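For reference, coords_25.txt is printed below; it contains compact mmCIF, C-alpha atoms and all ligand atoms.
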```txt
# COMPACT_ATOMS: atom_id res chain seq x y z
CA MET A 1 0.00 0.00 0.00
CA SER A 2 1.33 3.44 -0.83
CA ASP A 3 2.09 5.98 1.89
CA ASN A 4 -0.65 8.28 3.15
CA GLU A 5 -0.67 10.96 5.83
CA PHE A 6 -0.97 8.46 8.70
CA SER A 7 1.55 5.92 7.48
CA LEU A 8 3.98 8.79 6.89
CA ILE A 9 3.48 10.00 10.48
CA ASP A 10 3.99 6.49 11.87
CA LYS A 11 7.07 5.83 9.77
CA HIS A 12 8.79 9.19 9.83
CA PHE A 13 7.76 11.08 12.95
CA LYS A 14 6.63 8.71 15.73
CA GLY A 15 9.54 8.05 18.08
CA LYS A 16 11.97 9.82 15.74
CA GLY A 17 13.08 12.58 18.10
CA GLY A 18 15.22 12.43 21.22
CA HIS A 19 14.41 10.56 24.44
CA SER A 20 11.22 11.10 26.36
CA HIS A 21 11.42 13.59 29.22
CA PRO A 22 9.49 12.97 32.50
CA PHE A 23 7.62 16.21 31.64
CA THR A 24 5.72 14.32 28.92
CA ARG A 25 3.03 11.84 29.98
CA LEU A 26 1.52 11.29 26.52
CA ALA A 27 3.25 12.02 23.21
CA ILE A 28 2.44 11.45 19.50
CA GLY A 29 -0.71 9.51 18.65
CA ASP A 30 -3.65 11.07 20.51
CA ASP A 31 -5.57 14.31 19.94
CA ALA A 32 -3.04 16.17 22.06
CA SER A 33 0.05 15.53 24.15
CA VAL A 34 -0.12 15.63 27.96
CA HIS A 35 2.53 17.14 30.23
CA GLY A 36 3.22 18.02 33.84
CA LEU A 37 5.90 20.17 35.41
CA LYS A 38 7.52 19.62 38.79
CA ASP A 39 6.69 22.17 41.52
CA GLY A 40 8.86 25.24 41.36
CA MET A 41 9.47 24.96 37.61
CA GLU A 42 8.06 27.18 34.89
CA LEU A 43 7.16 26.24 31.31
CA VAL A 44 8.75 28.28 28.49
CA VAL A 45 7.07 28.07 25.07
CA SER A 46 7.95 29.58 21.71
CA THR A 47 6.90 29.00 18.11
CA ASP A 48 8.54 29.86 14.79
CA SER A 49 7.76 29.27 11.12
CA SER A 50 10.19 28.56 8.28
CA VAL A 51 9.12 28.83 4.67
CA GLU A 52 10.92 27.79 1.46
CA ASN A 53 12.33 30.79 -0.43
CA VAL A 54 11.89 32.95 2.68
CA HIS A 55 13.88 31.12 5.35
CA TRP A 56 15.88 28.84 3.08
CA PRO A 57 16.81 28.91 -0.62
CA HIS A 58 14.70 26.60 -2.82
CA ASP A 59 17.85 24.75 -3.96
CA MET A 60 18.92 23.79 -0.42
CA SER A 61 18.09 20.18 0.51
CA LEU A 62 14.86 19.86 2.45
CA ASP A 63 16.35 17.81 5.25
CA LEU A 64 18.89 20.55 5.94
CA ALA A 65 16.14 23.13 5.76
CA ALA A 66 14.11 21.21 8.36
CA ASP A 67 17.16 20.75 10.59
CA ARG A 68 17.74 24.53 10.48
CA SER A 69 14.10 25.26 11.24
CA VAL A 70 14.08 23.11 14.38
CA CYS A 71 17.37 24.61 15.56
CA ALA A 72 16.20 28.18 14.98
CA ALA A 73 13.13 27.45 17.10
CA LEU A 74 15.20 25.80 19.86
CA SER A 75 17.38 28.90 19.95
CA ASP A 76 14.54 30.86 21.54
CA LEU A 77 14.67 28.44 24.49
CA ALA A 78 18.43 29.00 24.72
CA ALA A 79 17.84 32.76 24.82
CA MET A 80 15.48 32.34 27.77
CA GLY A 81 17.92 30.04 29.58
CA ALA A 82 15.49 27.11 29.43
CA GLU A 83 16.24 23.40 29.24
CA ALA A 84 14.55 22.09 26.05
CA ILE A 85 12.04 19.36 26.90
CA ALA A 86 9.56 18.93 24.04
CA VAL A 87 8.94 19.93 20.42
CA TRP A 88 5.88 19.96 18.14
CA VAL A 89 6.47 20.19 14.38
CA ASN A 90 3.91 21.13 11.73
CA VAL A 91 5.13 19.95 8.34
CA MET A 92 3.56 21.52 5.26
CA ALA A 93 4.80 19.69 2.19
CA LYS A 94 4.29 19.78 -1.56
CA ASP A 95 4.42 15.95 -1.79
CA LYS A 96 5.33 12.84 0.21
CA HIS A 97 8.99 13.03 -0.82
CA ALA A 98 9.14 16.44 0.81
CA VAL A 99 7.51 15.01 3.97
CA LYS A 100 10.18 12.30 4.17
CA ALA A 101 13.04 14.70 3.55
CA MET A 102 11.81 17.19 6.15
CA ALA A 103 11.17 14.38 8.65
CA LYS A 104 14.80 13.31 8.26
CA GLY A 105 16.08 16.77 9.20
CA VAL A 106 13.61 17.10 12.07
CA SER A 107 14.71 13.77 13.50
CA ARG A 108 18.42 14.48 13.07
CA SER A 109 18.27 17.86 14.83
CA LEU A 110 16.10 16.60 17.69
CA ARG A 111 18.40 13.63 18.27
CA ARG A 112 21.41 15.95 18.24
CA TYR A 113 19.92 17.89 21.16
CA ASN A 114 18.03 14.90 22.59
CA VAL A 115 14.62 16.56 22.62
CA GLU A 116 11.46 14.49 22.17
CA LEU A 117 9.05 15.08 19.29
CA VAL A 118 5.69 15.03 21.12
CA GLY A 119 3.29 16.05 18.36
CA GLY A 120 2.64 18.08 15.26
CA ASP A 121 0.69 18.09 12.05
CA THR A 122 1.34 16.95 8.49
CA CYS A 123 -0.48 18.36 5.50
CA ARG A 124 -0.14 19.06 1.80
CA SER A 125 0.75 22.60 0.84
CA ALA A 126 1.56 24.76 -2.17
CA THR A 127 4.88 25.66 -0.55
CA ASN A 128 7.18 23.59 1.63
CA ALA A 129 7.23 25.00 5.16
CA LEU A 130 7.55 24.03 8.82
CA SER A 131 6.17 25.51 11.96
CA VAL A 132 8.06 24.46 15.08
CA THR A 133 6.82 24.89 18.63
CA VAL A 134 9.29 24.31 21.42
CA ALA A 135 8.84 23.90 25.17
CA GLY A 136 11.43 24.23 27.88
CA GLN A 137 11.59 24.49 31.63
CA LEU A 138 13.49 26.52 34.19
CA PRO A 139 13.23 27.35 37.90
CA ALA A 140 10.35 29.78 38.48
CA GLY A 141 11.32 33.43 38.14
CA THR A 142 14.72 32.89 36.50
CA ALA A 143 13.92 33.32 32.78
CA MET A 144 16.33 35.63 30.94
CA CYS A 145 14.14 38.36 29.41
CA ARG A 146 14.77 41.28 27.03
CA ASN A 147 13.62 44.01 29.37
CA THR A 148 15.95 43.65 32.33
CA ALA A 149 19.19 45.34 31.19
CA LEU A 150 20.43 48.07 33.55
CA ALA A 151 22.16 51.30 32.52
CA ASP A 152 25.67 50.28 33.63
CA ASP A 153 25.57 46.62 32.53
CA ASN A 154 28.19 45.24 30.19
CA VAL A 155 27.03 43.80 26.84
CA TRP A 156 28.21 40.32 25.88
CA LEU A 157 27.97 38.03 22.89
CA ALA A 158 28.07 34.22 23.11
CA GLY A 159 28.70 32.91 19.61
CA ARG A 160 29.60 34.39 16.25
CA VAL A 161 27.73 36.84 14.03
CA GLY A 162 28.05 37.50 10.29
CA PHE A 163 29.09 34.02 9.20
CA HIS A 164 25.64 32.78 8.22
CA ALA A 165 24.88 35.90 6.17
CA LEU A 166 28.16 35.55 4.28
CA GLY A 167 27.43 31.88 3.60
CA LEU A 168 23.95 32.70 2.34
CA LYS A 169 25.34 35.41 0.08
CA GLN A 170 27.81 32.95 -1.44
CA TRP A 171 25.13 30.32 -1.93
CA MET A 172 22.64 32.75 -3.52
CA SER A 173 25.31 34.05 -5.88
CA GLY A 174 25.92 30.50 -7.14
CA ASP A 175 29.13 29.86 -5.21
CA LYS A 176 27.80 26.65 -3.61
CA HIS A 177 31.21 25.64 -2.28
CA GLY A 178 32.28 29.01 -0.90
CA GLU A 179 34.15 28.88 2.39
CA PHE A 180 31.24 30.35 4.39
CA VAL A 181 28.56 28.13 2.86
CA HIS A 182 28.79 25.42 5.53
CA HIS A 183 27.52 27.97 8.08
CA ILE A 184 24.05 27.91 6.50
CA ASN A 185 23.72 24.14 6.71
CA GLU A 186 23.54 23.85 10.42
CA ILE A 187 22.20 26.35 12.92
CA THR A 188 23.47 25.98 16.47
CA PRO A 189 20.97 26.71 19.24
CA ARG A 190 23.17 27.70 22.19
CA LEU A 191 21.15 25.65 24.68
CA ALA A 192 23.99 24.74 27.04
CA ALA A 193 25.31 28.31 27.06
CA GLY A 194 21.81 29.64 27.79
CA VAL A 195 21.35 27.37 30.79
CA HIS A 196 24.86 28.15 32.01
CA LEU A 197 24.29 31.93 31.79
CA ARG A 198 20.95 31.68 33.59
CA GLU A 199 22.55 29.59 36.35
CA MET A 200 25.31 32.21 36.68
CA GLY A 201 22.62 34.83 37.35
CA VAL A 202 22.35 36.51 33.93
CA ARG A 203 18.86 38.03 33.64
CA CYS A 204 18.78 39.76 30.26
CA CYS A 205 19.32 37.95 26.96
CA LEU A 206 18.04 37.42 23.42
CA ASP A 207 19.17 35.45 20.41
CA VAL A 208 20.39 37.29 17.32
CA SER A 209 18.23 36.15 14.40
CA ASP A 210 17.60 39.38 12.49
CA GLY A 211 21.02 41.09 12.77
CA LEU A 212 23.12 42.34 15.69
CA LEU A 213 21.99 45.96 15.43
CA GLN A 214 18.27 45.23 15.07
CA ASP A 215 18.24 42.70 17.90
CA ALA A 216 20.39 44.90 20.16
CA ARG A 217 17.78 47.63 19.60
CA HIS A 218 15.04 45.22 20.65
CA LEU A 219 16.86 44.52 23.90
CA ALA A 220 17.80 48.18 24.58
CA ASP A 221 14.29 49.47 23.79
CA ALA A 222 12.59 46.78 25.89
CA SER A 223 14.90 47.60 28.82
CA GLY A 224 14.69 51.39 28.45
CA VAL A 225 18.47 51.81 28.19
CA GLY A 226 20.94 52.96 25.55
CA MET A 227 23.77 50.73 24.34
CA ASP A 228 27.26 51.27 22.89
CA ILE A 229 28.76 48.41 20.89
CA GLU A 230 32.34 48.18 19.57
CA VAL A 231 31.92 46.10 16.43
CA THR A 232 35.59 45.09 16.21
CA GLN A 233 35.18 43.16 19.48
CA VAL A 234 32.88 40.53 17.97
CA PRO A 235 34.48 37.08 17.72
CA GLU A 236 36.84 36.65 14.73
CA TRP A 237 36.42 40.22 13.45
CA LEU A 238 39.88 40.32 11.85
CA HIS A 239 39.43 36.87 10.34
CA LEU A 240 36.18 38.09 8.74
CA CYS A 241 37.85 41.24 7.38
CA HIS A 242 40.60 39.16 5.78
CA GLN A 243 38.34 36.45 4.40
CA VAL A 244 35.83 38.77 2.77
CA ALA A 245 38.43 41.16 1.38
CA GLY A 246 37.82 44.15 3.55
CA CYS A 247 36.25 45.45 6.72
CA GLU A 248 33.29 47.04 4.87
CA PRO A 249 31.63 43.77 3.87
CA ALA A 250 32.60 42.28 7.24
CA PHE A 251 30.92 45.22 9.01
CA GLU A 252 27.78 44.78 6.90
CA ALA A 253 27.59 41.03 7.69
CA VAL A 254 28.31 41.48 11.40
CA VAL A 255 25.86 44.34 11.91
CA HIS A 256 22.96 43.23 9.70
CA GLY A 257 23.50 39.51 9.05
CA GLY A 258 21.00 37.35 10.89
CA GLU A 259 20.61 33.66 11.64
CA ASP A 260 23.85 32.92 13.48
CA TYR A 261 21.74 32.70 16.65
CA ALA A 262 24.45 34.01 18.95
CA LEU A 263 23.19 35.03 22.40
CA LEU A 264 23.35 38.75 23.15
CA PHE A 265 23.12 39.39 26.87
CA THR A 266 23.92 41.98 29.51
CA ALA A 267 25.37 41.51 32.98
CA PRO A 268 26.53 43.74 35.82
CA ALA A 269 30.21 44.77 35.53
CA SER A 270 30.90 42.76 38.71
CA MET A 271 29.87 39.47 37.05
CA VAL A 272 32.80 37.41 35.77
CA ILE A 273 31.97 35.72 32.45
CA PRO A 274 34.49 33.09 31.26
CA ASN A 275 36.16 33.94 27.92
CA ALA A 276 35.22 30.52 26.62
CA LEU A 277 31.55 31.41 27.02
CA ALA A 278 31.27 34.95 25.65
CA VAL A 279 33.10 38.13 24.66
CA LYS A 280 32.36 41.62 25.91
CA ILE A 281 31.29 43.84 23.01
CA GLY A 282 29.90 46.91 24.72
CA THR A 283 28.16 48.65 27.58
CA CYS A 284 24.69 49.88 28.42
CA ARG A 285 24.08 53.50 29.34
CA ALA A 286 21.22 55.72 30.45
CA GLY A 287 19.26 57.02 27.48
CA THR A 288 18.05 55.34 24.32
CA GLY A 289 19.34 53.90 21.06
CA VAL A 290 22.20 51.62 20.04
CA HIS A 291 25.44 53.31 18.97
CA LEU A 292 27.90 51.27 16.94
CA TYR A 293 31.62 52.04 17.07
CA ARG A 294 34.34 50.75 14.77
CA ASP A 295 37.79 51.13 16.35
CA GLY A 296 36.34 53.77 18.65
CA VAL A 297 34.74 55.82 15.85
CA LEU A 298 30.96 56.24 15.95
CA CYS A 299 29.39 54.78 12.78
CA SER A 300 26.34 56.17 11.08
CA VAL A 301 24.14 53.23 10.08
CA LYS A 302 20.98 53.83 8.07
CA LYS A 303 20.09 50.25 7.17
CA GLN A 304 17.93 47.94 9.26
CA GLY A 305 18.36 44.21 9.83
CA TYR A 306 16.11 41.53 8.35
CA LEU A 307 12.45 42.55 8.18
CA HIS A 308 9.61 40.52 6.69
CA PHE A 309 7.32 42.66 4.52
CA GLU A 310 9.99 45.27 3.71
N1 LIG B 401 1.18 36.05 14.83
C1 LIG B 401 1.54 36.28 16.10
N2 LIG B 401 0.66 36.14 17.10
C2 LIG B 401 1.02 36.36 18.38
N3 LIG B 401 2.25 36.72 18.77
C3 LIG B 401 3.18 36.87 17.83
C4 LIG B 401 2.88 36.65 16.44
N4 LIG B 401 4.01 36.87 15.74
C5 LIG B 401 4.98 37.18 16.64
N5 LIG B 401 4.49 37.19 17.90
C6 LIG B 401 5.21 37.48 19.15
O1 LIG B 401 6.01 38.65 18.96
C7 LIG B 401 7.26 38.54 19.65
C8 LIG B 401 8.42 38.77 18.67
O2 LIG B 401 8.41 37.75 17.68
P1 LIG B 401 9.74 37.31 16.93
O3 LIG B 401 10.46 38.51 16.43
O4 LIG B 401 9.35 36.27 15.94
O5 LIG B 401 10.57 36.67 18.10
P2 LIG B 401 11.84 35.71 17.95
O6 LIG B 401 12.85 36.47 17.14
O7 LIG B 401 12.27 35.46 19.35
O8 LIG B 401 11.33 34.48 17.27
C9 LIG B 401 7.28 37.16 20.29
O9 LIG B 401 6.90 37.30 21.64
C10 LIG B 401 6.21 36.39 19.53
O10 LIG B 401 5.58 35.41 20.33
C1 LIG B 402 16.02 32.38 0.73
C2 LIG B 402 16.45 33.16 1.92
N1 LIG B 402 16.38 34.51 1.87
C3 LIG B 402 16.73 35.24 2.94
C4 LIG B 402 17.17 34.65 4.10
C5 LIG B 402 17.59 35.48 5.26
N2 LIG B 402 16.59 35.47 6.35
C6 LIG B 402 15.39 34.89 6.23
S1 LIG B 402 14.49 34.99 7.65
C7 LIG B 402 15.74 35.84 8.43
C8 LIG B 402 15.61 36.33 9.86
C9 LIG B 402 15.16 35.29 10.82
O1 LIG B 402 13.84 34.85 10.52
P1 LIG B 402 12.58 35.31 11.38
O2 LIG B 402 11.36 34.74 10.76
O3 LIG B 402 12.59 36.79 11.60
O4 LIG B 402 12.96 34.54 12.69
P2 LIG B 402 12.69 34.95 14.22
O5 LIG B 402 13.29 36.30 14.42
O6 LIG B 402 11.21 34.92 14.37
O7 LIG B 402 13.37 33.87 15.00
C10 LIG B 402 16.82 36.05 7.58
C11 LIG B 402 18.07 36.76 7.92
C12 LIG B 402 17.24 33.23 4.10
N3 LIG B 402 17.65 32.55 5.20
N4 LIG B 402 16.88 32.52 3.02
MG MG B 403 9.85 34.31 15.79
```

I'd like the structure from this file rewritten - as structure tokens, please.
Amino acid sequence: MSDNEFSLIDKHFKGKGGHSHPFTRLAIGDDASVHGLKDGMELVVSTDSSVENVHWPHDMSLDLAADRSVCAALSDLAAMGAEAIAVWVNVMAKDKHAVKAMAKGVSRSLRRYNVELVGGDTCRSATNALSVTVAGQLPAGTAMCRNTALADDNVWLAGRVGFHALGLKQWMSGDKHGEFVHHINEITPRLAAGVHLREMGVRCCLDVSDGLLQDARHLADASGVGMDIEVTQVPEWLHLCHQVAGCEPAFEAVVHGGEDYALLFTAPASMVIPNALAVKIGTCRAGTGVHLYRDGVLCSVKKQGYLHFE
């Protein structure tokens, strides 16, 4: 018998994620999943969509696209400092081959981070797309939010920025084997770093999906502070300048390039952050707005980061 919606779910989704977490009492197969948290823990939930030709190029393999989509969604849990405990994936596919390919990427990413697939939906669609809902847990009252930066906090970055945008540019221009291209194949949700930062007492964090400047503005505006960032302090700045033949394109990628999913966070100056975890790229101040400096010189930046509908 040929595959239909239900045989595809049984074969390609059921039991294909990471191990079951005690949080989940009932997973794939019923009308809904059932969960329970331990006392003193809070549930953290986020959802994100990824659409072919919007979030990934049409000539990227669908299993990689699905892997990226799951990881981008998990990154929001990292930004909150939550432990990932369950994922729901809605797969919208042009045909059954697309379902199988996307299922492969979903399974691979969830096994990499050992998170259970507890439910979802599978349907036919004019465009290949996924919608990924993620759940995490953390001790009550400890979530790292965007609105808690203080005027004299330092600004830190855990992870790189600019690399994904440069890879995407190479891919889109037909250079499928360019040296940055591998950065678009796998997104890294910084789950362990997020938990570590939260346990250290960090209270203000977000993940950089739309570009360093745009996301720094989100954090600064939500917190009611201003922010000064020295762009040359981002990890591997000089390497980027050399590899892309100049600091102008490196600046563009670092400031506006999204999808590296580094964690941008603030912490009091008294908090010691290990170098292996993050680099200091700036400071908060009273006032509003994000000022970017390059080697100490204030830069005038007109452009925005990634915006849907622009
Ligand atoms: N269609 C929607 N309905 C309700 N809330 C939404 C919708 N789209 C976005 N949001 C909310 O707006 C906020 C910003 O969304 P987004 O920029 O996608 O966040 P992130 O970059 O963390 O994924 C989030 O709190 C998200 O839940
Ligand atoms: C074909 C293609 N064009 C452009 C991009 C670049 N891009 C698409 S979405 C995006 C930002 C992140 O997506 P969004 O839906 O805003 O994620 P969220 O902030 O909700 O996590 C970027 C930089 C891409 N990845 N693929
Ligand atoms: Mg989102």

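All residues, whether protein, DNA or RNA, that have an atom at most 7 Å from ligand LIG 402 (chain B) (counting all atoms listed in the file) are Asp48, Ser49, Ser50, Glu52, Asn53, Val54, His55, Trp56, Pro57, His58, Ala72, Ala73, Leu168, Ser209, Asp210, Gly257, Gly258, Glu259, Tyr306, Leu307 and His308 of chain A.
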
Notebook entry, point to check: So how far away is CA of Leu166 in chain A from CA of Phe180 in chain A, in Å?
Noted result: 6.0 Å

Check: For ligand MG 403 (chain B), which residue out of A:Asp207, A:Arg160, A:Leu191, A:Val106 is the nearest one, using all atoms listed in the file?
Finding: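 The answer is A:Asp207, which sits nearest to ligand MG 403 (chain B).
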
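Closest approach to ligand LIG 401 (chain B) from the set A:Ala27, A:Ala216, A:Ala250, A:Val34 is made by A:Ala216, with distances taken over all atoms listed in the file.
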
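You can rank A:Leu26, A:Leu77, A:Val290, A:Leu110 by their closest distance to ligand MG 403 (chain B) using only C-alpha atoms and all ligand atoms, and at the top of that list sits A:Leu77.
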
Note to self: Every residue with an atom at most 8 Å from (4.5, 19.6, 4.6) (file coordinates; only C-alpha atoms) is what I'm after, so could you write them as a list in words?
What the structure shows: Asn90, Val91, Met92, Ala93, Lys94, Asp95, Ala98, Val99, Met102, Thr122, Cys123, Arg124, Ser125, Thr127, Asn128, Ala129 and Leu130 of chain A

Convert the current residue selection to file output with C-alpha atoms, as a tab-separated table (two decimals), in the coordinates of the input.
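Final output, part_30.tsv:
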```
chain	number	residue	atom	x	y	z
A	90	ASN	CA	3.91	21.13	11.73
A	91	VAL	CA	5.13	19.95	8.34
A	92	MET	CA	3.56	21.52	5.26
A	93	ALA	CA	4.80	19.69	2.19
A	94	LYS	CA	4.29	19.78	-1.56
A	95	ASP	CA	4.42	15.95	-1.79
A	98	ALA	CA	9.14	16.44	0.81
A	99	VAL	CA	7.51	15.01	3.97
A	102	MET	CA	11.81	17.19	6.15
A	122	THR	CA	1.34	16.95	8.49
A	123	CYS	CA	-0.48	18.36	5.50
A	124	ARG	CA	-0.14	19.06	1.80
A	125	SER	CA	0.75	22.60	0.84
A	127	THR	CA	4.88	25.66	-0.55
A	128	ASN	CA	7.18	23.59	1.63
A	129	ALA	CA	7.23	25.00	5.16
A	130	LEU	CA	7.55	24.03	8.82
```

Please complete range 173-190 of chain A with N, CA and C atoms and give it back as a compact mmCIF listing (two decimals), keeping the file's coordinate frame.
```txt
# COMPACT_ATOMS: atom_id res chain seq x y z
N SER A 173 24.63 33.54 -4.69
CA SER A 173 25.31 34.05 -5.88
C SER A 173 25.85 32.89 -6.74
N GLY A 174 25.54 31.66 -6.33
CA GLY A 174 25.92 30.50 -7.14
C GLY A 174 27.21 29.84 -6.71
N ASP A 175 27.87 30.42 -5.70
CA ASP A 175 29.13 29.86 -5.21
C ASP A 175 28.80 28.82 -4.12
N LYS A 176 28.33 27.64 -4.56
CA LYS A 176 27.80 26.65 -3.61
C LYS A 176 28.87 26.02 -2.74
N HIS A 177 30.14 26.22 -3.09
CA HIS A 177 31.21 25.64 -2.28
C HIS A 177 32.07 26.71 -1.63
N GLY A 178 31.54 27.92 -1.54
CA GLY A 178 32.28 29.01 -0.90
C GLY A 178 32.63 28.65 0.55
N GLU A 179 33.67 29.30 1.06
CA GLU A 179 34.15 28.88 2.39
C GLU A 179 33.19 29.17 3.53
N PHE A 180 32.21 30.06 3.32
CA PHE A 180 31.24 30.35 4.39
C PHE A 180 29.97 29.52 4.27
N VAL A 181 29.82 28.81 3.14
CA VAL A 181 28.56 28.13 2.86
C VAL A 181 28.18 27.12 3.95
N HIS A 182 29.16 26.44 4.52
CA HIS A 182 28.79 25.42 5.53
C HIS A 182 28.06 26.03 6.73
N HIS A 183 28.21 27.34 6.93
CA HIS A 183 27.52 27.97 8.08
C HIS A 183 26.01 28.00 7.90
N ILE A 184 25.52 27.87 6.66
CA ILE A 184 24.05 27.91 6.50
C ILE A 184 23.43 26.52 6.66
N ASN A 185 24.26 25.50 6.66
CA ASN A 185 23.72 24.14 6.71
C ASN A 185 23.28 23.71 8.09
N GLU A 186 23.88 24.28 9.07
CA GLU A 186 23.54 23.85 10.42
C GLU A 186 23.48 25.06 11.33
N ILE A 187 22.34 25.27 11.94
CA ILE A 187 22.20 26.35 12.92
C ILE A 187 22.47 25.75 14.29
N THR A 188 23.18 26.49 15.13
CA THR A 188 23.47 25.98 16.47
C THR A 188 22.66 26.74 17.52
N PRO A 189 21.66 26.08 18.12
CA PRO A 189 20.97 26.71 19.24
C PRO A 189 21.87 26.60 20.47
N ARG A 190 22.17 27.72 21.11
CA ARG A 190 23.17 27.70 22.19
C ARG A 190 22.50 27.32 23.52
```
